[in-house]
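K.L.:
start-v2.cif (mmCIF, C-alpha atoms and all ligand atoms) pasted underneath:
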data_run
loop_
_atom_site.label_atom_id
_atom_site.label_comp_id
_atom_site.auth_asym_id
_atom_site.auth_seq_id
_atom_site.Cartn_x
_atom_site.Cartn_y
_atom_site.Cartn_z
CA MET A 26 309.72 -87.15 -25.31
CA ALA A 27 309.21 -90.78 -26.16
CA THR A 28 312.15 -93.13 -26.60
CA ILE A 29 312.89 -93.74 -30.25
CA ARG A 30 313.79 -97.27 -31.21
CA LEU A 31 314.73 -98.96 -34.46
CA GLY A 32 311.63 -99.68 -36.51
CA ASP A 33 309.67 -96.76 -35.01
CA GLU A 34 308.28 -94.08 -37.27
CA ALA A 35 310.70 -91.14 -37.30
CA PRO A 36 308.87 -88.34 -35.46
CA ASN A 37 307.73 -85.63 -37.84
CA PHE A 38 308.43 -81.95 -37.19
CA VAL A 39 308.30 -78.55 -38.83
CA ALA A 40 311.45 -76.47 -38.38
CA GLN A 41 313.33 -73.53 -39.84
CA SER A 42 316.48 -74.36 -41.75
CA THR A 43 319.10 -72.69 -43.91
CA GLU A 44 317.02 -73.81 -46.90
CA GLY A 45 313.67 -72.58 -45.55
CA GLU A 46 310.95 -74.22 -43.50
CA ILE A 47 311.04 -78.00 -43.50
CA ASN A 48 308.20 -80.38 -42.82
CA PHE A 49 310.43 -83.37 -42.22
CA HIS A 50 308.23 -86.11 -43.68
CA ASP A 51 307.24 -84.02 -46.70
CA TRP A 52 310.85 -83.03 -47.25
CA LEU A 53 311.95 -86.68 -47.16
CA GLY A 54 309.36 -87.68 -49.75
CA ASP A 55 310.27 -91.13 -51.11
CA SER A 56 313.96 -90.77 -50.28
CA TRP A 57 316.06 -92.29 -47.56
CA GLY A 58 317.11 -89.68 -45.02
CA VAL A 59 319.97 -88.86 -42.66
CA LEU A 60 319.31 -86.51 -39.74
CA PHE A 61 322.44 -85.67 -37.78
CA SER A 62 323.03 -83.29 -34.91
CA HIS A 63 325.95 -80.98 -34.09
CA PRO A 64 326.82 -79.73 -30.64
CA ALA A 65 327.18 -76.10 -31.70
CA ASP A 66 327.99 -73.71 -34.55
CA TYR A 67 331.52 -72.36 -34.98
CA THR A 68 333.13 -75.42 -33.39
CA PRO A 69 336.09 -77.16 -34.97
CA VAL A 70 335.01 -80.80 -35.21
CA CYS A 71 331.54 -79.87 -36.51
CA THR A 72 333.12 -77.66 -39.13
CA THR A 73 335.10 -80.59 -40.52
CA GLU A 74 332.06 -82.87 -40.38
CA LEU A 75 329.78 -80.58 -42.35
CA GLY A 76 332.50 -79.98 -44.91
CA THR A 77 332.99 -83.73 -45.28
CA VAL A 78 329.27 -84.36 -45.75
CA ALA A 79 329.13 -81.64 -48.42
CA LYS A 80 331.96 -83.39 -50.27
CA TYR A 81 330.00 -86.67 -50.13
CA THR A 82 326.97 -85.19 -51.91
CA ALA A 83 327.33 -87.46 -54.94
CA GLU A 84 327.61 -90.53 -52.68
CA PHE A 85 324.38 -89.67 -50.86
CA GLU A 86 322.57 -88.84 -54.11
CA LYS A 87 323.65 -92.15 -55.66
CA ARG A 88 321.95 -93.90 -52.77
CA ASN A 89 318.79 -91.73 -52.93
CA VAL A 90 319.58 -90.25 -49.50
CA LYS A 91 318.68 -86.71 -48.40
CA VAL A 92 320.81 -85.25 -45.65
CA VAL A 93 319.81 -82.69 -43.02
CA ALA A 94 321.96 -81.37 -40.17
CA LEU A 95 320.82 -79.74 -36.94
CA SER A 96 322.27 -77.59 -34.22
CA VAL A 97 320.67 -75.64 -31.41
CA ASP A 98 321.93 -72.31 -32.75
CA GLY A 99 319.85 -69.90 -34.84
CA LEU A 100 319.63 -69.23 -38.56
CA THR A 101 321.84 -66.14 -38.62
CA SER A 102 324.55 -68.06 -36.81
CA HIS A 103 324.17 -71.03 -39.19
CA GLU A 104 324.45 -68.79 -42.24
CA GLY A 105 327.68 -67.17 -41.05
CA TRP A 106 329.11 -70.55 -40.06
CA VAL A 107 328.29 -72.06 -43.47
CA ASN A 108 330.49 -69.35 -45.03
CA ASP A 109 333.34 -70.45 -42.77
CA ILE A 110 332.78 -74.13 -43.59
CA ASN A 111 332.81 -73.43 -47.31
CA GLU A 112 335.96 -71.35 -46.97
CA THR A 113 337.96 -73.62 -44.67
CA GLN A 114 336.82 -77.01 -45.98
CA ASN A 115 336.98 -75.95 -49.63
CA THR A 116 333.42 -77.05 -50.37
CA THR A 117 329.85 -75.82 -50.72
CA VAL A 118 327.37 -76.88 -48.06
CA ASN A 119 324.34 -77.84 -50.13
CA PHE A 120 322.03 -79.44 -47.58
CA PRO A 121 319.83 -77.79 -44.96
CA ILE A 122 320.92 -77.12 -41.38
CA ILE A 123 318.01 -76.93 -38.95
CA ALA A 124 317.99 -74.00 -36.52
CA ASP A 125 316.80 -75.64 -33.31
CA GLU A 126 317.10 -72.77 -30.84
CA ASP A 127 314.07 -73.93 -28.88
CA ARG A 128 315.44 -77.52 -28.90
CA LYS A 129 312.15 -78.83 -30.21
CA VAL A 130 313.72 -81.30 -32.61
CA SER A 131 316.65 -82.11 -30.30
CA ASP A 132 314.21 -83.04 -27.56
CA LEU A 133 311.97 -84.98 -29.94
CA TYR A 134 314.97 -87.09 -31.00
CA ASP A 135 316.62 -87.17 -27.53
CA MET A 136 319.78 -85.54 -28.87
CA ILE A 137 320.67 -83.74 -25.63
CA HIS A 138 322.20 -86.08 -23.05
CA PRO A 139 322.33 -83.93 -19.90
CA ASN A 140 324.96 -86.01 -18.14
CA ALA A 141 327.29 -85.38 -21.06
CA ASP A 142 326.29 -81.74 -21.55
CA ASP A 143 323.01 -80.10 -20.66
CA THR A 144 322.95 -77.52 -23.47
CA MET A 145 324.67 -78.99 -26.50
CA THR A 146 323.48 -81.98 -28.46
CA VAL A 147 325.60 -85.09 -28.74
CA ARG A 148 326.50 -86.25 -32.25
CA SER A 149 323.40 -88.26 -33.12
CA VAL A 150 322.78 -89.87 -36.49
CA PHE A 151 319.43 -91.23 -37.59
CA VAL A 152 318.99 -93.05 -40.89
CA ILE A 153 315.37 -93.13 -42.01
CA GLY A 154 313.95 -95.35 -44.73
CA PRO A 155 311.50 -94.35 -47.47
CA ASP A 156 308.80 -95.87 -45.23
CA LYS A 157 309.75 -93.17 -42.62
CA LYS A 158 310.92 -95.85 -40.20
CA VAL A 159 314.12 -95.43 -38.20
CA LYS A 160 316.70 -97.87 -39.60
CA LEU A 161 319.82 -96.83 -37.70
CA MET A 162 320.78 -94.73 -34.69
CA ILE A 163 324.36 -93.90 -33.77
CA THR A 164 325.52 -91.65 -30.94
CA TYR A 165 329.01 -90.16 -30.72
CA PRO A 166 330.36 -87.80 -28.09
CA ALA A 167 330.98 -84.18 -29.02
CA SER A 168 334.72 -84.73 -29.06
CA THR A 169 334.74 -87.44 -31.76
CA GLY A 170 334.03 -86.55 -35.37
CA ARG A 171 331.93 -89.15 -37.15
CA ASN A 172 333.18 -91.52 -39.82
CA PHE A 173 331.01 -90.80 -42.85
CA ASP A 174 332.51 -93.70 -44.80
CA GLU A 175 331.04 -95.91 -42.09
CA LEU A 176 327.69 -94.16 -42.51
CA LEU A 177 327.71 -94.88 -46.26
CA ARG A 178 328.73 -98.48 -45.54
CA VAL A 179 325.75 -98.95 -43.23
CA ILE A 180 323.38 -97.31 -45.72
CA ASP A 181 324.64 -99.75 -48.37
CA SER A 182 323.97 -102.62 -45.99
CA LEU A 183 320.49 -101.33 -45.10
CA GLN A 184 319.60 -100.93 -48.77
CA LEU A 185 320.85 -104.43 -49.61
CA THR A 186 318.61 -105.82 -46.90
CA ALA A 187 315.64 -103.74 -48.04
CA TYR A 188 315.97 -104.53 -51.75
CA HIS A 189 317.80 -107.88 -51.97
CA LYS A 190 317.05 -109.88 -48.77
CA VAL A 191 320.68 -110.11 -47.68
CA ALA A 192 322.43 -109.08 -44.49
CA THR A 193 326.11 -108.15 -44.28
CA PRO A 194 328.74 -109.89 -42.15
CA ALA A 195 331.32 -108.42 -39.79
CA ASN A 196 333.59 -105.79 -41.34
CA TRP A 197 331.77 -106.13 -44.68
CA ASN A 198 332.52 -103.61 -47.35
CA SER A 199 330.60 -102.99 -50.55
CA GLY A 200 331.45 -105.62 -53.17
CA GLU A 201 332.08 -108.42 -50.69
CA ASP A 202 329.97 -111.51 -50.11
CA CYS A 203 326.71 -111.13 -48.19
CA VAL A 204 324.65 -113.33 -45.89
CA ILE A 205 321.30 -114.65 -47.11
CA VAL A 206 318.74 -113.67 -44.47
CA PRO A 207 317.33 -116.58 -42.44
CA ALA A 208 313.77 -115.89 -43.67
CA VAL A 209 314.75 -117.04 -47.18
CA THR A 210 314.37 -120.82 -47.65
CA ASN A 211 316.87 -122.88 -49.67
CA GLU A 212 314.10 -123.49 -52.23
CA GLU A 213 313.78 -119.74 -52.82
CA ILE A 214 317.50 -119.18 -53.30
CA PRO A 215 317.94 -119.98 -57.05
CA ALA A 216 315.33 -117.41 -58.08
CA LEU A 217 316.51 -114.76 -55.65
CA PHE A 218 320.27 -115.27 -55.92
CA PRO A 219 321.22 -116.33 -59.45
CA LYS A 220 324.90 -115.69 -58.67
CA GLY A 221 324.78 -118.82 -56.48
CA TYR A 222 325.49 -119.41 -52.82
CA THR A 223 327.69 -121.33 -50.42
CA GLU A 224 326.20 -123.11 -47.44
CA VAL A 225 328.82 -122.90 -44.69
CA LYS A 226 326.20 -124.09 -42.17
CA PRO A 227 322.45 -124.39 -42.75
CA TYR A 228 322.09 -121.05 -40.92
CA LEU A 229 325.10 -119.40 -42.61
CA ARG A 230 324.60 -119.08 -46.34
CA MET A 231 326.82 -116.70 -48.29
CA THR A 232 326.15 -115.18 -51.71
CA PRO A 233 327.98 -112.66 -53.87
CA GLN A 234 326.65 -109.15 -53.39
CA PRO A 235 323.44 -109.24 -55.44
CA ASN A 236 323.44 -105.73 -56.92
C1 LIG B 1 333.56 -79.46 -31.94
O1 LIG B 1 332.68 -79.53 -32.78
O2 LIG B 1 334.71 -79.21 -32.25
C2 LIG B 1 333.27 -79.68 -30.50
C3 LIG B 1 332.06 -79.31 -29.97
C4 LIG B 1 331.83 -79.52 -28.64
C5 LIG B 1 332.80 -80.09 -27.84
C6 LIG B 1 333.99 -80.48 -28.38
C7 LIG B 1 334.25 -80.26 -29.72
#
For this file, produce the structure as structure tokens.
P.N.:
Amino acid sequence: MATIRLGDEAPNFVAQSTEGEINFHDWLGDSWGVLFSHPADYTPVCTTELGTVAKYTAEFEKRNVKVVALSVDGLTSHEGWVNDINETQNTTVNFPIIADEDRKVSDLYDMIHPNADDTMTVRSVFVIGPDKKVKLMITYPASTGRNFDELLRVIDSLQLTAYHKVATPANWNSGEDCVIVPAVTNEEIPALFPKGYTEVKPYLRMTPQPN
């Protein structure tokens, strides 16, 4: 298992899932991707997380993001658990859940942190760009459910950087002013940012959100 760092190519794998066999890179195609792990099936926090992600389907689709979950339990277990999630969270899980019984993918992505727990995965999140590069990694403990609004916020920021050459300041939310990346010269600004900009300092140039 090699350490994965931001900017690395997301390791490819072939795995069984609730929606059939997945070749990860082929499945991603030209989309952005989210790969997120769950400590175990039939656990309370995970149940709420998967229900929440299912309810955010339109938000992920709007951003051209495909979502895939993973836990180290098997397909039969996943299928029964999905019924429970749909029933208790009042939703329909409509994304694949990888059955990683042999921990192949968990090991590839270093999702098991033995000093936290040597069998279950932690709550890892990987955001992968259309270039298959890892753009974001977040790790939560098993006991803390993730904030999927924060995940969407980061995806918005990543996509603004990728498509519009802006970064986003502390506590930014979609619709608020952005930071022009240092690589853009002042001469390039009028063409790139027709909404204008404010130079607070030569290294701190703000512009209305471009998109
Ligand atoms: C849960 O998903 O509820 C959970 C899983 C492992 C440890 C603690 C909570």
K.L.:
Throw together the list of residues within 8 Å of ligand LIG 1 (chain B), counting only C-alpha atoms and all ligand atoms, and drop it here as a PyMOL selection string.
P.N.:
chain A and resi 63-72+145+167-170
K.L.:
Would you work out the distance separating CA of Glu86 in chain A from CA of Phe151 in chain A, expressed in Å to one decimal?
P.N.:
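About the pair CA of Glu86 in chain A and CA of Phe151 in chain A: they are 17.0 Å apart.
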K.L.:
Within 10 Å of Thr73 in chain A, counting only C-alpha atoms, which residues qualify if same-chain residues fewer than 6 places away don't, as a list of chain:residue names?
P.N.:
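In the requested format, the answer is A:Ala79, A:Ile110, A:Thr113, A:Gln114, A:Gly170, A:Arg171.
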K.L.:
Go ahead and save the picked residues with C-alpha atoms, as a PDB file, in the frame of the given file.
P.N.:
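What landed in out_5.pdb:
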ATOM      1  CA  ALA A  79     329.130 -81.640 -48.420  1.00  0.00           C
ATOM      2  CA  ILE A 110     332.780 -74.130 -43.590  1.00  0.00           C
ATOM      3  CA  THR A 113     337.960 -73.620 -44.670  1.00  0.00           C
ATOM      4  CA  GLN A 114     336.820 -77.010 -45.980  1.00  0.00           C
ATOM      5  CA  GLY A 170     334.030 -86.550 -35.370  1.00  0.00           C
ATOM      6  CA  ARG A 171     331.930 -89.150 -37.150  1.00  0.00           C
TER       7      ARG A 171
END
K.L.:
So how many Å separate CA of Gly99 in chain A and CA of Ala124 in chain A, to one decimal?
P.N.:
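Distance between the two atoms: 4.8 Å.
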K.L.:
As an MDAnalysis selection string, please: the residues near Gly32 in chain A (cut-off 8 Å, all atoms listed in the file, same-chain neighbours under 3 positions excluded).
P.N.:
chainID A and resid 158:160
K.L.:
If I take CA of Asn111 in chain A and CA of Asp98 in chain A, how far is one from the other in Å, to one decimal?
P.N.:
18.2 Å
K.L.:
Taking all atoms listed in the file into account, name the residue in A:Leu177, A:Cys203, A:Val78, A:Leu161 that is nearest to Ala94 in chain A.
P.N.:
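Checking each of A:Leu177, A:Cys203, A:Val78, A:Leu161 against Ala94 in chain A, counting all atoms listed in the file, the winner is A:Val78.
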K.L.:
Need to verify the contact set: Asp132 in chain A, 10 Å, all atoms listed in the file, exclusion of same-chain residues closer than 4 positions in sequence. Can you return it as an mmCIF file with C-alpha atoms, in the coordinates of the input?
P.N.:
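Printed below is out-v7.cif as written:
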data_model
loop_
_atom_site.group_PDB
_atom_site.id
_atom_site.type_symbol
_atom_site.label_atom_id
_atom_site.label_comp_id
_atom_site.auth_asym_id
_atom_site.auth_seq_id
_atom_site.Cartn_x
_atom_site.Cartn_y
_atom_site.Cartn_z
ATOM 1 C CA MET A 26 309.720 -87.150 -25.310
ATOM 2 C CA ALA A 27 309.210 -90.780 -26.160
ATOM 3 C CA ASP A 125 316.800 -75.640 -33.310
ATOM 4 C CA ASP A 127 314.070 -73.930 -28.880
ATOM 5 C CA ARG A 128 315.440 -77.520 -28.900
ATOM 6 C CA MET A 136 319.780 -85.540 -28.870
ATOM 7 C CA ILE A 137 320.670 -83.740 -25.630
ATOM 8 C CA HIS A 138 322.200 -86.080 -23.050
ATOM 9 C CA THR A 146 323.480 -81.980 -28.460
#
K.L.:
Please provide the set of residues having any atom within 10 Å of Ile163 in chain A, restricted to all atoms listed in the file, with same-chain residues fewer than 6 positions apart removed, written as a list in words.
P.N.:
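Near neighbours after the sequence-gap exclusion: Phe61, Arg148, Ser149, Val150, Phe151, Val152, Arg171 and Leu176 of chain A.
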K.L.:
Would you write out those residues with C-alpha atoms, as a PDB file, in the coordinates of the input?
P.N.:
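Output file part32.pdb is given in full below:
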ATOM      1  CA  PHE A  61     322.440 -85.670 -37.780  1.00  0.00           C
ATOM      2  CA  ARG A 148     326.500 -86.250 -32.250  1.00  0.00           C
ATOM      3  CA  SER A 149     323.400 -88.260 -33.120  1.00  0.00           C
ATOM      4  CA  VAL A 150     322.780 -89.870 -36.490  1.00  0.00           C
ATOM      5  CA  PHE A 151     319.430 -91.230 -37.590  1.00  0.00           C
ATOM      6  CA  VAL A 152     318.990 -93.050 -40.890  1.00  0.00           C
ATOM      7  CA  ARG A 171     331.930 -89.150 -37.150  1.00  0.00           C
ATOM      8  CA  LEU A 176     327.690 -94.160 -42.510  1.00  0.00           C
TER       9      LEU A 176
END
K.L.:
Just the residues within 12 Å of Thr210 in chain A, please, counting only C-alpha atoms, with nothing from its chain fewer than 5 positions along; format it as a PyMOL selection string.
P.N.:
chain A and resi 190+205+215-218+227-230
K.L.:
Show me the residues around (321.2, -77.1, -44.2) - criterion: an atom at most 8 Å away, all atoms listed in the file counted - as an MDAnalysis selection string.
P.N.:
chainID A and resid 42:44 93:95 118:123
K.L.:
Which residue, A:Asp135, A:Glu84, A:Asp142, A:Glu213, has the smallest gap to Asp181 in chain A when you use all atoms listed in the file?
P.N.:
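Looking at the shortest contact to Asp181 in chain A, the residue is A:Glu84.
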K.L.:
With all atoms listed in the file as the atoms that count, which of A:Leu100, A:Ala195, A:Val204, A:Ile29 lies nearest to Tyr134 in chain A?
P.N.:
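Ranked by minimum distance to Tyr134 in chain A, first place goes to A:Ile29.
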K.L.:
Using all atoms listed in the file, which of the listed residues (A:Gln184, A:Thr164, A:Asn108, A:Asn211) sits closest to Pro235 in chain A?
P.N.:
A:Gln184
K.L.:
Which residue is closest to Thr101 in chain A? Choose from A:Thr144, A:Ser182, A:Thr117, A:Gln41 and count all atoms listed in the file.
P.N.:
A:Gln41
K.L.:
Can you give me N, CA, C and O atoms for range 206-229 of chain A, written as a PDB file, in the coordinates of the input?
P.N.:
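The new file part.pdb reads:
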ATOM      1  N   VAL A 206     319.460-113.799 -45.744  1.00  0.00           N
ATOM      2  CA  VAL A 206     318.740-113.670 -44.470  1.00  0.00           C
ATOM      3  C   VAL A 206     318.015-114.975 -44.142  1.00  0.00           C
ATOM      4  O   VAL A 206     317.572-115.705 -45.041  1.00  0.00           O
ATOM      5  N   PRO A 207     317.920-115.303 -42.846  1.00  0.00           N
ATOM      6  CA  PRO A 207     317.330-116.580 -42.440  1.00  0.00           C
ATOM      7  C   PRO A 207     315.909-116.801 -42.952  1.00  0.00           C
ATOM      8  O   PRO A 207     315.488-117.945 -43.150  1.00  0.00           O
ATOM      9  N   ALA A 208     315.164-115.735 -43.218  1.00  0.00           N
ATOM     10  CA  ALA A 208     313.770-115.890 -43.670  1.00  0.00           C
ATOM     11  C   ALA A 208     313.676-116.488 -45.071  1.00  0.00           C
ATOM     12  O   ALA A 208     312.608-116.975 -45.471  1.00  0.00           O
ATOM     13  N   VAL A 209     314.769-116.466 -45.823  1.00  0.00           N
ATOM     14  CA  VAL A 209     314.750-117.040 -47.180  1.00  0.00           C
ATOM     15  C   VAL A 209     315.035-118.541 -47.081  1.00  0.00           C
ATOM     16  O   VAL A 209     316.021-118.961 -46.475  1.00  0.00           O
ATOM     17  N   THR A 210     314.157-119.368 -47.683  1.00  0.00           N
ATOM     18  CA  THR A 210     314.370-120.820 -47.650  1.00  0.00           C
ATOM     19  C   THR A 210     315.341-121.219 -48.764  1.00  0.00           C
ATOM     20  O   THR A 210     315.515-120.493 -49.749  1.00  0.00           O
ATOM     21  N   ASN A 211     315.954-122.398 -48.621  1.00  0.00           N
ATOM     22  CA  ASN A 211     316.870-122.880 -49.670  1.00  0.00           C
ATOM     23  C   ASN A 211     316.158-122.989 -51.012  1.00  0.00           C
ATOM     24  O   ASN A 211     316.755-122.761 -52.054  1.00  0.00           O
ATOM     25  N   GLU A 212     314.863-123.344 -50.983  1.00  0.00           N
ATOM     26  CA  GLU A 212     314.100-123.490 -52.230  1.00  0.00           C
ATOM     27  C   GLU A 212     313.978-122.149 -52.961  1.00  0.00           C
ATOM     28  O   GLU A 212     313.906-122.093 -54.183  1.00  0.00           O
ATOM     29  N   GLU A 213     313.943-121.057 -52.204  1.00  0.00           N
ATOM     30  CA  GLU A 213     313.780-119.740 -52.820  1.00  0.00           C
ATOM     31  C   GLU A 213     315.093-119.180 -53.389  1.00  0.00           C
ATOM     32  O   GLU A 213     315.097-118.223 -54.157  1.00  0.00           O
ATOM     33  N   ILE A 214     316.195-119.776 -52.988  1.00  0.00           N
ATOM     34  CA  ILE A 214     317.500-119.180 -53.300  1.00  0.00           C
ATOM     35  C   ILE A 214     317.774-119.059 -54.818  1.00  0.00           C
ATOM     36  O   ILE A 214     318.188-117.995 -55.278  1.00  0.00           O
ATOM     37  N   PRO A 215     317.556-120.113 -55.630  1.00  0.00           N
ATOM     38  CA  PRO A 215     317.940-119.980 -57.050  1.00  0.00           C
ATOM     39  C   PRO A 215     317.269-118.777 -57.741  1.00  0.00           C
ATOM     40  O   PRO A 215     317.915-118.077 -58.521  1.00  0.00           O
ATOM     41  N   ALA A 216     316.015-118.529 -57.432  1.00  0.00           N
ATOM     42  CA  ALA A 216     315.330-117.410 -58.080  1.00  0.00           C
ATOM     43  C   ALA A 216     315.827-116.068 -57.539  1.00  0.00           C
ATOM     44  O   ALA A 216     315.951-115.096 -58.290  1.00  0.00           O
ATOM     45  N   LEU A 217     316.128-116.038 -56.258  1.00  0.00           N
ATOM     46  CA  LEU A 217     316.510-114.760 -55.650  1.00  0.00           C
ATOM     47  C   LEU A 217     317.992-114.436 -55.824  1.00  0.00           C
ATOM     48  O   LEU A 217     318.379-113.267 -55.885  1.00  0.00           O
ATOM     49  N   PHE A 218     318.828-115.498 -55.886  1.00  0.00           N
ATOM     50  CA  PHE A 218     320.270-115.270 -55.920  1.00  0.00           C
ATOM     51  C   PHE A 218     320.910-116.054 -57.061  1.00  0.00           C
ATOM     52  O   PHE A 218     321.579-117.075 -56.840  1.00  0.00           O
ATOM     53  N   PRO A 219     320.696-115.589 -58.289  1.00  0.00           N
ATOM     54  CA  PRO A 219     321.220-116.330 -59.450  1.00  0.00           C
ATOM     55  C   PRO A 219     322.736-116.418 -59.491  1.00  0.00           C
ATOM     56  O   PRO A 219     323.280-117.264 -60.206  1.00  0.00           O
ATOM     57  N   LYS A 220     323.433-115.595 -58.693  1.00  0.00           N
ATOM     58  CA  LYS A 220     324.900-115.690 -58.670  1.00  0.00           C
ATOM     59  C   LYS A 220     325.367-116.912 -57.861  1.00  0.00           C
ATOM     60  O   LYS A 220     326.561-117.181 -57.780  1.00  0.00           O
ATOM     61  N   GLY A 221     324.423-117.622 -57.238  1.00  0.00           N
ATOM     62  CA  GLY A 221     324.780-118.820 -56.480  1.00  0.00           C
ATOM     63  C   GLY A 221     325.000-118.525 -55.004  1.00  0.00           C
ATOM     64  O   GLY A 221     324.926-117.380 -54.569  1.00  0.00           O
ATOM     65  N   TYR A 222     325.256-119.604 -54.247  1.00  0.00           N
ATOM     66  CA  TYR A 222     325.490-119.410 -52.820  1.00  0.00           C
ATOM     67  C   TYR A 222     326.331-120.553 -52.277  1.00  0.00           C
ATOM     68  O   TYR A 222     326.467-121.602 -52.901  1.00  0.00           O
ATOM     69  N   THR A 223     326.902-120.322 -51.116  1.00  0.00           N
ATOM     70  CA  THR A 223     327.690-121.330 -50.420  1.00  0.00           C
ATOM     71  C   THR A 223     327.066-121.541 -49.058  1.00  0.00           C
ATOM     72  O   THR A 223     326.854-120.570 -48.325  1.00  0.00           O
ATOM     73  N   GLU A 224     326.772-122.828 -48.758  1.00  0.00           N
ATOM     74  CA  GLU A 224     326.200-123.110 -47.440  1.00  0.00           C
ATOM     75  C   GLU A 224     327.334-123.528 -46.496  1.00  0.00           C
ATOM     76  O   GLU A 224     327.817-124.651 -46.551  1.00  0.00           O
ATOM     77  N   VAL A 225     327.762-122.614 -45.663  1.00  0.00           N
ATOM     78  CA  VAL A 225     328.820-122.900 -44.690  1.00  0.00           C
ATOM     79  C   VAL A 225     328.234-123.740 -43.557  1.00  0.00           C
ATOM     80  O   VAL A 225     328.816-124.718 -43.091  1.00  0.00           O
ATOM     81  N   LYS A 226     327.055-123.359 -43.112  1.00  0.00           N
ATOM     82  CA  LYS A 226     326.200-124.090 -42.170  1.00  0.00           C
ATOM     83  C   LYS A 226     324.776-123.829 -42.659  1.00  0.00           C
ATOM     84  O   LYS A 226     324.526-122.838 -43.336  1.00  0.00           O
ATOM     85  N   PRO A 227     323.824-124.660 -42.279  1.00  0.00           N
ATOM     86  CA  PRO A 227     322.450-124.390 -42.750  1.00  0.00           C
ATOM     87  C   PRO A 227     321.983-122.978 -42.389  1.00  0.00           C
ATOM     88  O   PRO A 227     321.173-122.383 -43.117  1.00  0.00           O
ATOM     89  N   TYR A 228     322.515-122.407 -41.300  1.00  0.00           N
ATOM     90  CA  TYR A 228     322.090-121.050 -40.920  1.00  0.00           C
ATOM     91  C   TYR A 228     323.036-119.973 -41.437  1.00  0.00           C
ATOM     92  O   TYR A 228     322.816-118.789 -41.183  1.00  0.00           O
ATOM     93  N   LEU A 229     324.110-120.377 -42.126  1.00  0.00           N
ATOM     94  CA  LEU A 229     325.100-119.400 -42.610  1.00  0.00           C
ATOM     95  C   LEU A 229     325.325-119.644 -44.096  1.00  0.00           C
ATOM     96  O   LEU A 229     326.121-120.489 -44.494  1.00  0.00           O
TER      97      LEU A 229
END
